[in-house]
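Report on the structure given below.
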Amino acid sequence: MRGTLVAPPLKRRATDGELQVTDAAPEPAAVVEDQFTPWLKEGNQLLAQLGLSWGDVLSDLDQVSYATGVTPERIKARLEGAPPRTAPATFAERLTFLHETRRDANGKKHVLRVIAETIASEQKVKLTASAVHHLLHGRNEPTRQTAAWLEKYFKVPVGWCSLSEGEALAAYVGARLTSLRAAQDTLQALQNRGVTSVSARSTGDLAKQPGLLADLLPTLLAVVDNPWESRTPRDGK
């Protein structure tokens with residue numbers, strides 16, 4: 001049985017006055033990044049080198065959430081590679097987070113009247129509970145000074161309520177990774193002197209307090225370099 005040769009269709013050139021339609025390849029989706037993205041990439045590499053996971057370094061996501069204003073679910077998603085949010089949180093949303101998570105001396109939510117009266121008394125300004133209520137519900141935007149007063153009242157850094165998700169996570173996680181990198185450098189310095197291992201009470205100790213090893217570096221190196229001089233004399237020996 002003979003095969004049938006099928007000629008490919010001829011492409012017709014567009015003539016003057018004709019519109020030629022072709023199927024164009026779709027444009028690749030743009031990669032969305034924020035201030036946290038480079039820290040996430042560096043953290044993934046560093047943790048892989050140390051044989052650790054994000055769970056070792058950020059074991060309590062509720063604590064991370066309390067410090068950053070980002071929900072534990074969202075933190076977990078970002079650590080797993082979820083893209084950044086396109087719309088940043090508003091001042092009202094982050095102020096509401098503080099009002100929901102911070103408690104007064106009696107373990108209750110801060111009363112708006114007390115917030116206003118405390119700030120008014122300390123700063124010698126006029127601030128009403130109604131004004132604070134409007135800020136919480138996004139009806140008004142605060143001045144820079146008013147925002148700073150509210151942030152100081154809730155004991156967070158000035159500018160906290162204006163941070164985006166990426167900025168908040170970058171500040172918190174970046175500090176942890178910087179300390180962890182210092183701990184890695186400390187271990188490398190010890191290994192260069194022949195120390196093959198460093199023991200801690202648990203493997204989580206150094207992950208939770210990575211700066212501890214770096215702080216102990218001078219003492220550790222002194223012990224390695226001068227083992228006899230570093231010993232405490234006993235019984236006159």
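If you're wondering about the labels, chains in the structure tokens are A, B, ... by order shown, residues count from 1 in each chain, ligands from 1 in order shown.
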
Region 75-199 of chain A: residues DSSP assigns to helix (DSSP H, G or I), reported as a PyMOL selection string: chain A and resi 75-79+91-101+112-123+129-136+144-153+160-162+165-191

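Residues in contact with Asn140 (chain A) at 9 Å, where only C-alpha atoms are counted and same-chain residues fewer than 5 positions away are skipped, are listed as A:Ala92, A:Ala131, A:His134, A:Leu135.
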
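Once Asp34 (chain A) and its same-chain neighbours fewer than 6 positions away are set aside, A:Leu40, A:Lys41, A:Arg78, A:Ala82, A:Pro83, A:Pro84, A:Arg85, A:Thr86, A:Ala87, A:Pro88, A:Leu163, A:Ser164, A:Glu165, A:Gly166, A:Glu167, A:Ala168, A:Leu169, A:Ala170 remain within 12 Å of it when counting only C-alpha atoms.
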
Preceding selection exported with N, CA, C and O atoms as a PDB file, in the first residue's frame:
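again_31.pdb, freshly written:
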```pdb
ATOM      1  N   LEU A  40      14.682  34.551  51.592  1.00  0.00           N
ATOM      2  CA  LEU A  40      14.173  33.190  51.483  1.00  0.00           C
ATOM      3  C   LEU A  40      15.131  32.323  50.674  1.00  0.00           C
ATOM      4  O   LEU A  40      15.433  31.186  51.054  1.00  0.00           O
ATOM      5  N   LYS A  41      15.639  32.859  49.568  1.00  0.00           N
ATOM      6  CA  LYS A  41      16.581  32.110  48.736  1.00  0.00           C
ATOM      7  C   LYS A  41      17.870  31.817  49.500  1.00  0.00           C
ATOM      8  O   LYS A  41      18.380  30.688  49.479  1.00  0.00           O
ATOM      9  N   ARG A  78       4.684  31.386  52.694  1.00  0.00           N
ATOM     10  CA  ARG A  78       5.836  32.071  52.107  1.00  0.00           C
ATOM     11  C   ARG A  78       7.099  31.223  52.212  1.00  0.00           C
ATOM     12  O   ARG A  78       7.917  31.183  51.288  1.00  0.00           O
ATOM     13  N   ALA A  82       5.285  30.401  48.354  1.00  0.00           N
ATOM     14  CA  ALA A  82       4.138  31.153  47.834  1.00  0.00           C
ATOM     15  C   ALA A  82       4.580  32.556  47.418  1.00  0.00           C
ATOM     16  O   ALA A  82       5.456  33.144  48.053  1.00  0.00           O
ATOM     17  N   PRO A  83       3.996  33.107  46.360  1.00  0.00           N
ATOM     18  CA  PRO A  83       4.392  34.444  45.907  1.00  0.00           C
ATOM     19  C   PRO A  83       3.954  35.527  46.881  1.00  0.00           C
ATOM     20  O   PRO A  83       3.046  35.314  47.690  1.00  0.00           O
ATOM     21  N   PRO A  84       4.585  36.692  46.813  1.00  0.00           N
ATOM     22  CA  PRO A  84       4.197  37.802  47.692  1.00  0.00           C
ATOM     23  C   PRO A  84       2.790  38.287  47.379  1.00  0.00           C
ATOM     24  O   PRO A  84       2.268  38.061  46.289  1.00  0.00           O
ATOM     25  N   ARG A  85       2.202  38.953  48.332  1.00  0.00           N
ATOM     26  CA  ARG A  85       0.910  39.584  48.092  1.00  0.00           C
ATOM     27  C   ARG A  85       1.123  40.806  47.195  1.00  0.00           C
ATOM     28  O   ARG A  85       2.095  41.536  47.339  1.00  0.00           O
ATOM     29  N   THR A  86       0.198  41.008  46.292  1.00  0.00           N
ATOM     30  CA  THR A  86       0.315  42.157  45.396  1.00  0.00           C
ATOM     31  C   THR A  86      -0.131  43.445  46.078  1.00  0.00           C
ATOM     32  O   THR A  86       0.392  44.516  45.792  1.00  0.00           O
ATOM     33  N   ALA A  87      -1.090  43.330  46.992  1.00  0.00           N
ATOM     34  CA  ALA A  87      -1.582  44.518  47.704  1.00  0.00           C
ATOM     35  C   ALA A  87      -1.045  44.509  49.131  1.00  0.00           C
ATOM     36  O   ALA A  87      -1.265  43.553  49.871  1.00  0.00           O
ATOM     37  N   PRO A  88      -0.314  45.542  49.537  1.00  0.00           N
ATOM     38  CA  PRO A  88       0.219  45.577  50.903  1.00  0.00           C
ATOM     39  C   PRO A  88      -0.880  45.789  51.927  1.00  0.00           C
ATOM     40  O   PRO A  88      -1.956  46.311  51.616  1.00  0.00           O
ATOM     41  N   LEU A 163       4.829  48.705  57.522  1.00  0.00           N
ATOM     42  CA  LEU A 163       5.617  47.673  56.851  1.00  0.00           C
ATOM     43  C   LEU A 163       4.732  46.798  55.974  1.00  0.00           C
ATOM     44  O   LEU A 163       3.610  46.451  56.344  1.00  0.00           O
ATOM     45  N   SER A 164       5.261  46.422  54.825  1.00  0.00           N
ATOM     46  CA  SER A 164       4.584  45.439  53.990  1.00  0.00           C
ATOM     47  C   SER A 164       4.900  44.048  54.525  1.00  0.00           C
ATOM     48  O   SER A 164       5.748  43.881  55.407  1.00  0.00           O
ATOM     49  N   GLU A 165       4.230  43.049  53.992  1.00  0.00           N
ATOM     50  CA  GLU A 165       4.505  41.666  54.389  1.00  0.00           C
ATOM     51  C   GLU A 165       5.973  41.324  54.168  1.00  0.00           C
ATOM     52  O   GLU A 165       6.640  40.755  55.043  1.00  0.00           O
ATOM     53  N   GLY A 166       6.490  41.682  52.992  1.00  0.00           N
ATOM     54  CA  GLY A 166       7.880  41.369  52.670  1.00  0.00           C
ATOM     55  C   GLY A 166       8.862  42.076  53.576  1.00  0.00           C
ATOM     56  O   GLY A 166       9.866  41.493  53.997  1.00  0.00           O
ATOM     57  N   GLU A 167       8.593  43.341  53.892  1.00  0.00           N
ATOM     58  CA  GLU A 167       9.485  44.102  54.763  1.00  0.00           C
ATOM     59  C   GLU A 167       9.495  43.532  56.177  1.00  0.00           C
ATOM     60  O   GLU A 167      10.551  43.429  56.810  1.00  0.00           O
ATOM     61  N   ALA A 168       8.313  43.166  56.685  1.00  0.00           N
ATOM     62  CA  ALA A 168       8.222  42.631  58.044  1.00  0.00           C
ATOM     63  C   ALA A 168       8.942  41.289  58.156  1.00  0.00           C
ATOM     64  O   ALA A 168       9.701  41.055  59.105  1.00  0.00           O
ATOM     65  N   LEU A 169       8.725  40.400  57.189  1.00  0.00           N
ATOM     66  CA  LEU A 169       9.379  39.091  57.225  1.00  0.00           C
ATOM     67  C   LEU A 169      10.880  39.215  56.988  1.00  0.00           C
ATOM     68  O   LEU A 169      11.675  38.492  57.603  1.00  0.00           O
ATOM     69  N   ALA A 170      11.278  40.127  56.112  1.00  0.00           N
ATOM     70  CA  ALA A 170      12.704  40.311  55.834  1.00  0.00           C
ATOM     71  C   ALA A 170      13.440  40.776  57.082  1.00  0.00           C
ATOM     72  O   ALA A 170      14.548  40.311  57.376  1.00  0.00           O
TER      73      ALA A 170
END
```

One-decimal distance in Å that lies between CA of Tyr172 (chain A) and CA of Gln191 (chain A): 29.3 Å

Nearest to Asp62 (chain A) by atom-to-atom distance, counting only C-alpha atoms, from A:Thr101, A:Thr96, A:Tyr153, A:Ala175: A:Thr101

For CA of Leu150 (chain A) and CA of Ala120 (chain A), the interatomic separation in Å (one decimal): 10.8 Å

Using only C-alpha atoms: which of A:Ser53, A:Asn44, A:Asp185, A:Phe97 has the shortest distance to Glu151 (chain A):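 Looking at the shortest contact to Glu151 (chain A), the residue is A:Phe97.
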
Surrounding residues of region 113-116 of chain A excluding itself and chain neighbours under 3 positions, 12 Å, only C-alpha atoms, as a list in words: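 Here the qualifying residues turn out to be His99, Arg103, Asp104, Lys109, His110, Ile119, Ala120, Ser121, Glu122, Gln123, Lys124, Val125, Lys126, Leu127, Thr128, Ala129, Ser130, Ala131, Val132, His133, Leu135, Thr146, Trp149, Leu150, Glu151, Lys152, Tyr153 and Phe154 of chain A.
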